[in-house]
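Below: one structure, written as structure tokens.
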Amino acid sequence: MTKGGMESVEVFATEGKGRGLKAQKEFLPGDVIFAEPAYAAVVFDSLTHVICHTCFKRQERLHRCGQCKFAYYCDRTCQRAAWLNHKNECSAIKRHGKAPTENIREGSGLSEGCLVSIDELQNHVDSFGDEEKKELRADVESFLEFWPPHCQQFGMQFISHIFGVISCNGFTLSDQRGLQAVGVGIFPNLCQANHDCWPNCTVVFNNGNHEAVRSMFHTQMRIELRALNKISPGDELTVSYVDFLNLSEERRKQLKKQYYFDCTCEHCKKQLKDDLMLAVKAGDSKPSADVVKEVTQLSKDTLEKINKARMEGHYHEVVKLCRDCLKKQEPVLGDTNIYLLRILSIASEVLSYLQMFEEAADYAKRMVDGYLKIYHPNNAQLGMAVMRAGVTHWHAGLIEAGHGLICKAYAILLITHGPSHPITKDLEVMRVQTEMELRMFQQNEFMYYKMREAALKNQKIQIMPEPSNENAPSLFHKKE
């Protein structure tokens, strides 16, 4: 079964997993298997005034809808593009005098090229707990109150189904730099792709481009399903719903809780990579099981304290907690242990923000070395981590290591994000700049550092972004 623009994929029935997608032709790493506009999409309530409601880009100055005073847009182009979908919402907001929550706001109608209709998607309402069912009833009641003229054609069962679909099939929409989750969308074709902890595809959100002078060259906000490795005709297309950097048992618990299925992928069944994620120091001084247990619990407790300090913006306290924890971890935990890697990641990020780049670079290098042994070589989160490590080394004046890491990140993100994505474009600029600086360094190391010192005096080194209090945006959004 194929449909308009989706000729390269086919929906098929999978044993024990319901529907799935399989390839109709061969794909190579980095190929776009399909791109899909949103069936419906909303900006999170907390960000409605700083994110464009059409393309979901973060902008310093946005234009506000003059009628409802609620929706914000990059410019008139984005506002015109949104009007067909916004006009009913606009009149409802004016009628009620306030906007509904993100759970109630609507997006667009079903676009062409969908392999299934929205009412065919799974809702998992029967698997909801009591609290989830209570929230569902509240959402339905709010919806009926807010949209009375439009609700008469729908029954309660269908409306409940739609809310269940949104809860279980939402895809996280990020800003143009991919660093912050800013909204959620429904993409019916993407919803057909089954989960695998070691997938052959990845999904990237593309905000589109409305900057061209002629509207015919504008591109629409969309998701892109991209191949991570060679895919043959007939192969099932899979994506990962969760971050791989967790023990198989933890991933399975998360998938069961959020998506109501038991993961049976090879990595979970065989617990592949778990040994690396729980690695301890080897050799004559191998720590005892009791010591490992004690340090592991210390790591978990420290991570909780770190999260609290980050939420409060106490970044020097975060650094102290990381340093103290690392002193306890280093004699006990192996270089790929996930608790060590999590502390290294936080320490490098926060130290970079505080412009303590040399120490940050050391932690970032150790983090990346561990990640490279655990993640799929073309994993998007691996690419982003390598990019951050490269930038940190660059800022520390370690130009050889910095350029090497930036080149490695660029090779990964070319596959996961594609050459036209803003992140990849930024990385290409950095790659060219560091290559030029590396040549200068190789020709005359003394002069390179003198010129760098002079440049830093005249122009303050670029400030790293403030550490986020959230984890990197996950692909799929589960309504909490």
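Going through the structure tokens in order, the chains are called A, B, and so on, while each chain numbers its residues from 1 and the ligands are numbered from 1 in the order shown.
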
Contacts of A:Asp31 at 12 Å (only C-alpha atoms; same-chain gap of 2+ positions) as a ChimeraX atom specification: /A:8,25-29,33-35,200-203,224-231,414-419

For the structure I just gave you, how does DSSP split stretch 14-60 of chain A - specifically, which residues are strand (DSSP E)? Reply as a CSV table (one decimal) with C-alpha atoms, in the first residue's frame.
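Ended up saving to selection12.csv:
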chain,number,residue,atom,x,y,z
A,14,THR,CA,4.2,-7.1,11.5
A,18,GLY,CA,0.7,-4.3,14.4
A,19,ARG,CA,1.5,-2.2,11.4
A,20,GLY,CA,5.0,-1.2,10.3
A,21,LEU,CA,6.8,0.4,7.4
A,22,LYS,CA,9.1,-1.4,5.0
A,23,ALA,CA,11.3,-0.1,2.2
A,32,VAL,CA,15.7,10.9,2.9
A,33,ILE,CA,13.2,8.1,2.8
A,34,PHE,CA,10.2,10.5,3.1
A,35,ALA,CA,9.4,13.9,4.4
A,36,GLU,CA,6.0,14.6,6.0
A,40,ALA,CA,-1.5,18.9,13.6
A,41,ALA,CA,1.1,20.8,15.7
A,42,VAL,CA,1.1,23.2,18.7
A,43,VAL,CA,3.7,25.2,20.5

Within 10 Å of stretch 288-310 of chain A, which residues of stretch 333-381 of chain A show up? Give each one with its shortest atom-to-atom distance in Å (one decimal) and the two atoms involved, counting only C-alpha atoms, rows by chain then rising residue number, as a Markdown table.
| residue | atom | partner | partner_atom | distance |
| --- | --- | --- | --- | --- |
| A:Leu333 | CA | A:Val292 | CA | 7.4 |
| A:Asn337 | CA | A:Thr296 | CA | 9.7 |
| A:Ile338 | CA | A:Thr296 | CA | 9.9 |
| A:Tyr339 | CA | A:Ser299 | CA | 6.2 |
| A:Leu340 | CA | A:Ser299 | CA | 7.8 |
| A:Arg342 | CA | A:Leu303 | CA | 8.3 |
| A:Ile343 | CA | A:Leu303 | CA | 7.6 |
| A:Ile346 | CA | A:Ile306 | CA | 8.7 |
| A:Val350 | CA | A:Arg310 | CA | 9.2 |

Serialized selection, N, CA and C atoms, as a PDB file, in the first residue's frame:
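Written out: again-v2.pdb:
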ATOM      1  N   LEU A 333      34.640   2.915  38.481  1.00  0.00           N
ATOM      2  CA  LEU A 333      33.814   2.715  37.290  1.00  0.00           C
ATOM      3  C   LEU A 333      34.642   2.745  36.012  1.00  0.00           C
ATOM      4  N   ASN A 337      31.041   3.402  31.636  1.00  0.00           N
ATOM      5  CA  ASN A 337      29.939   3.303  32.600  1.00  0.00           C
ATOM      6  C   ASN A 337      29.018   4.510  32.453  1.00  0.00           C
ATOM      7  N   ILE A 338      27.714   4.258  32.353  1.00  0.00           N
ATOM      8  CA  ILE A 338      26.786   5.360  32.047  1.00  0.00           C
ATOM      9  C   ILE A 338      26.735   6.401  33.155  1.00  0.00           C
ATOM     10  N   TYR A 339      26.973   5.995  34.408  1.00  0.00           N
ATOM     11  CA  TYR A 339      26.929   6.978  35.500  1.00  0.00           C
ATOM     12  C   TYR A 339      28.141   7.901  35.438  1.00  0.00           C
ATOM     13  N   LEU A 340      29.290   7.363  35.062  1.00  0.00           N
ATOM     14  CA  LEU A 340      30.465   8.194  34.838  1.00  0.00           C
ATOM     15  C   LEU A 340      30.242   9.122  33.644  1.00  0.00           C
ATOM     16  N   ARG A 342      27.472  10.284  32.406  1.00  0.00           N
ATOM     17  CA  ARG A 342      26.487  11.335  32.686  1.00  0.00           C
ATOM     18  C   ARG A 342      27.119  12.482  33.471  1.00  0.00           C
ATOM     19  N   ILE A 343      27.967  12.146  34.421  1.00  0.00           N
ATOM     20  CA  ILE A 343      28.649  13.197  35.189  1.00  0.00           C
ATOM     21  C   ILE A 343      29.628  13.951  34.287  1.00  0.00           C
ATOM     22  N   ILE A 346      27.635  16.429  32.038  1.00  0.00           N
ATOM     23  CA  ILE A 346      27.176  17.622  32.758  1.00  0.00           C
ATOM     24  C   ILE A 346      28.348  18.539  33.093  1.00  0.00           C
ATOM     25  N   VAL A 350      28.624  22.441  31.741  1.00  0.00           N
ATOM     26  CA  VAL A 350      28.557  23.564  32.685  1.00  0.00           C
ATOM     27  C   VAL A 350      29.888  24.314  32.729  1.00  0.00           C
TER      28      VAL A 350
END

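Each of A:Ala193, A:Asn207, A:Lys98, A:Ile423 was checked against A:Ala13 using only C-alpha atoms; the smallest atom-to-atom distance is that of A:Ala193.
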
Two-atom distance - atom CA of A:Lys269, atom CA of A:Glu249 (Å):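 Computing the Euclidean distance for atom CA of A:Lys269 and atom CA of A:Glu249 yields 9.6 Å.
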
Separation of atom CA of A:Ile186 from atom CA of A:Glu89, in Å and rounded to one decimal: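 About the pair atom CA of A:Ile186 and atom CA of A:Glu89: they are 17.7 Å apart.
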
Backbone DSSP call of helix (DSSP H, G or I) for stretch 257-386 of chain A, listed as a PyMOL selection string: chain A and resi 257-259+266-269+274-277+289-311+315-329+338-353+357-374+380-386

Selected residues written out, C-alpha atoms, as a PDB file, in the first residue's frame:
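New file result-v2.pdb:
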ATOM      1  CA  LYS A 257       5.259   2.906  30.644  1.00  0.00           C
ATOM      2  CA  GLN A 258       5.074   5.450  27.830  1.00  0.00           C
ATOM      3  CA  TYR A 259       4.146   3.405  24.760  1.00  0.00           C
ATOM      4  CA  GLU A 266      17.875  -7.849  19.629  1.00  0.00           C
ATOM      5  CA  HIS A 267      19.675  -5.342  21.862  1.00  0.00           C
ATOM      6  CA  CYS A 268      17.076  -5.752  24.606  1.00  0.00           C
ATOM      7  CA  LYS A 269      16.722  -9.540  24.319  1.00  0.00           C
ATOM      8  CA  ASP A 274      24.825  -3.478  28.978  1.00  0.00           C
ATOM      9  CA  ASP A 275      28.229  -4.778  29.978  1.00  0.00           C
ATOM     10  CA  LEU A 276      29.831  -1.590  28.652  1.00  0.00           C
ATOM     11  CA  MET A 277      27.277   0.632  30.385  1.00  0.00           C
ATOM     12  CA  ALA A 289      30.751  -5.707  44.208  1.00  0.00           C
ATOM     13  CA  ASP A 290      29.933  -3.792  47.414  1.00  0.00           C
ATOM     14  CA  VAL A 291      32.189  -0.876  46.418  1.00  0.00           C
ATOM     15  CA  VAL A 292      30.654  -0.774  42.936  1.00  0.00           C
ATOM     16  CA  LYS A 293      27.156  -0.750  44.440  1.00  0.00           C
ATOM     17  CA  GLU A 294      28.116   2.042  46.839  1.00  0.00           C
ATOM     18  CA  VAL A 295      29.630   4.254  44.098  1.00  0.00           C
ATOM     19  CA  THR A 296      26.684   3.596  41.775  1.00  0.00           C
ATOM     20  CA  GLN A 297      24.230   4.729  44.460  1.00  0.00           C
ATOM     21  CA  LEU A 298      26.427   7.783  45.162  1.00  0.00           C
ATOM     22  CA  SER A 299      26.272   8.619  41.452  1.00  0.00           C
ATOM     23  CA  LYS A 300      22.456   8.404  41.393  1.00  0.00           C
ATOM     24  CA  ASP A 301      22.177  10.578  44.516  1.00  0.00           C
ATOM     25  CA  THR A 302      24.622  13.121  43.048  1.00  0.00           C
ATOM     26  CA  LEU A 303      22.667  13.317  39.801  1.00  0.00           C
ATOM     27  CA  GLU A 304      19.550  14.236  41.802  1.00  0.00           C
ATOM     28  CA  LYS A 305      21.465  16.985  43.641  1.00  0.00           C
ATOM     29  CA  ILE A 306      22.899  18.229  40.335  1.00  0.00           C
ATOM     30  CA  ASN A 307      19.427  18.460  38.773  1.00  0.00           C
ATOM     31  CA  LYS A 308      18.228  20.557  41.709  1.00  0.00           C
ATOM     32  CA  ALA A 309      21.264  22.868  41.524  1.00  0.00           C
ATOM     33  CA  ARG A 310      20.853  23.278  37.746  1.00  0.00           C
ATOM     34  CA  MET A 311      17.180  24.152  38.131  1.00  0.00           C
ATOM     35  CA  TYR A 315      26.327  26.263  38.295  1.00  0.00           C
ATOM     36  CA  HIS A 316      29.412  26.499  40.529  1.00  0.00           C
ATOM     37  CA  GLU A 317      27.674  24.117  42.918  1.00  0.00           C
ATOM     38  CA  VAL A 318      27.061  21.776  39.959  1.00  0.00           C
ATOM     39  CA  VAL A 319      30.788  21.841  39.146  1.00  0.00           C
ATOM     40  CA  LYS A 320      31.712  21.014  42.764  1.00  0.00           C
ATOM     41  CA  LEU A 321      29.250  18.118  42.848  1.00  0.00           C
ATOM     42  CA  CYS A 322      30.651  16.769  39.568  1.00  0.00           C
ATOM     43  CA  ARG A 323      34.278  17.017  40.672  1.00  0.00           C
ATOM     44  CA  ASP A 324      33.574  15.317  44.005  1.00  0.00           C
ATOM     45  CA  CYS A 325      31.604  12.550  42.322  1.00  0.00           C
ATOM     46  CA  LEU A 326      34.281  11.966  39.668  1.00  0.00           C
ATOM     47  CA  LYS A 327      36.925  11.491  42.366  1.00  0.00           C
ATOM     48  CA  LYS A 328      34.829   8.645  43.798  1.00  0.00           C
ATOM     49  CA  GLN A 329      33.900   7.194  40.387  1.00  0.00           C
ATOM     50  CA  ILE A 338      26.786   5.360  32.047  1.00  0.00           C
ATOM     51  CA  TYR A 339      26.929   6.978  35.500  1.00  0.00           C
ATOM     52  CA  LEU A 340      30.465   8.194  34.838  1.00  0.00           C
ATOM     53  CA  LEU A 341      29.476   9.384  31.352  1.00  0.00           C
ATOM     54  CA  ARG A 342      26.487  11.335  32.686  1.00  0.00           C
ATOM     55  CA  ILE A 343      28.649  13.197  35.189  1.00  0.00           C
ATOM     56  CA  LEU A 344      31.295  13.886  32.509  1.00  0.00           C
ATOM     57  CA  SER A 345      28.602  15.240  30.160  1.00  0.00           C
ATOM     58  CA  ILE A 346      27.176  17.622  32.758  1.00  0.00           C
ATOM     59  CA  ALA A 347      30.614  18.745  33.937  1.00  0.00           C
ATOM     60  CA  SER A 348      31.831  19.544  30.411  1.00  0.00           C
ATOM     61  CA  GLU A 349      28.642  21.429  29.530  1.00  0.00           C
ATOM     62  CA  VAL A 350      28.557  23.564  32.685  1.00  0.00           C
ATOM     63  CA  LEU A 351      32.309  24.264  32.701  1.00  0.00           C
ATOM     64  CA  SER A 352      32.086  25.383  29.067  1.00  0.00           C
ATOM     65  CA  TYR A 353      29.314  27.799  30.011  1.00  0.00           C
ATOM     66  CA  PHE A 357      37.382  25.465  28.724  1.00  0.00           C
ATOM     67  CA  GLU A 358      40.515  23.414  29.411  1.00  0.00           C
ATOM     68  CA  GLU A 359      38.938  21.372  32.184  1.00  0.00           C
ATOM     69  CA  ALA A 360      35.710  21.125  30.170  1.00  0.00           C
ATOM     70  CA  ALA A 361      37.634  19.824  27.142  1.00  0.00           C
ATOM     71  CA  ASP A 362      39.243  17.034  29.171  1.00  0.00           C
ATOM     72  CA  TYR A 363      35.855  15.845  30.439  1.00  0.00           C
ATOM     73  CA  ALA A 364      34.274  16.217  26.980  1.00  0.00           C
ATOM     74  CA  LYS A 365      36.979  14.079  25.350  1.00  0.00           C
ATOM     75  CA  ARG A 366      36.477  11.289  27.891  1.00  0.00           C
ATOM     76  CA  MET A 367      32.701  11.503  27.408  1.00  0.00           C
ATOM     77  CA  VAL A 368      32.994  11.230  23.616  1.00  0.00           C
ATOM     78  CA  ASP A 369      35.430   8.302  23.858  1.00  0.00           C
ATOM     79  CA  GLY A 370      32.816   6.449  25.914  1.00  0.00           C
ATOM     80  CA  TYR A 371      29.912   7.411  23.663  1.00  0.00           C
ATOM     81  CA  LEU A 372      31.743   6.151  20.566  1.00  0.00           C
ATOM     82  CA  LYS A 373      31.884   2.656  22.085  1.00  0.00           C
ATOM     83  CA  ILE A 374      28.175   2.608  22.958  1.00  0.00           C
ATOM     84  CA  ALA A 380      22.176  12.005  16.072  1.00  0.00           C
ATOM     85  CA  GLN A 381      22.762  12.465  19.811  1.00  0.00           C
ATOM     86  CA  LEU A 382      26.300  11.163  19.379  1.00  0.00           C
ATOM     87  CA  GLY A 383      26.837  13.715  16.595  1.00  0.00           C
ATOM     88  CA  MET A 384      25.585  16.570  18.771  1.00  0.00           C
ATOM     89  CA  ALA A 385      27.801  15.465  21.689  1.00  0.00           C
ATOM     90  CA  VAL A 386      30.875  15.265  19.443  1.00  0.00           C
TER      91      VAL A 386
END

Interatomic distance, atom CA of A:Ala409 to atom CA of A:Met387 (Å, one decimal):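 Between atom CA of A:Ala409 and atom CA of A:Met387 the gap works out to 5.1 Å.
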
Which residue of A:Leu247, A:Cys263, A:Leu438, A:Ile51 approaches A:Ala279 most closely, using only C-alpha atoms: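 The answer is A:Leu247, which sits nearest to A:Ala279.
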
Which residues of stretch 367-412 of chain A come within 12 Å of stretch 449-452 of chain A, and what is each one's closest atom pair and distance in Å (one decimal), counting only C-alpha atoms, sorted by chain and residue number, as JSON lines?
{"residue": "A:Trp394", "atom": "CA", "partner": "A:Arg452", "partner_atom": "CA", "distance": 11.1}
{"residue": "A:His395", "atom": "CA", "partner": "A:Arg452", "partner_atom": "CA", "distance": 10.3}
{"residue": "A:Ala396", "atom": "CA", "partner": "A:Arg452", "partner_atom": "CA", "distance": 10.8}
{"residue": "A:Gly397", "atom": "CA", "partner": "A:Tyr449", "partner_atom": "CA", "distance": 8.1}
{"residue": "A:Leu398", "atom": "CA", "partner": "A:Tyr449", "partner_atom": "CA", "distance": 10.4}
{"residue": "A:Ile399", "atom": "CA", "partner": "A:Tyr449", "partner_atom": "CA", "distance": 10.3}

Among listed residues A:Phe70, A:Tyr410, A:Glu15, A:Thr54, nearest A:Asp175 (using only C-alpha atoms): A:Thr54
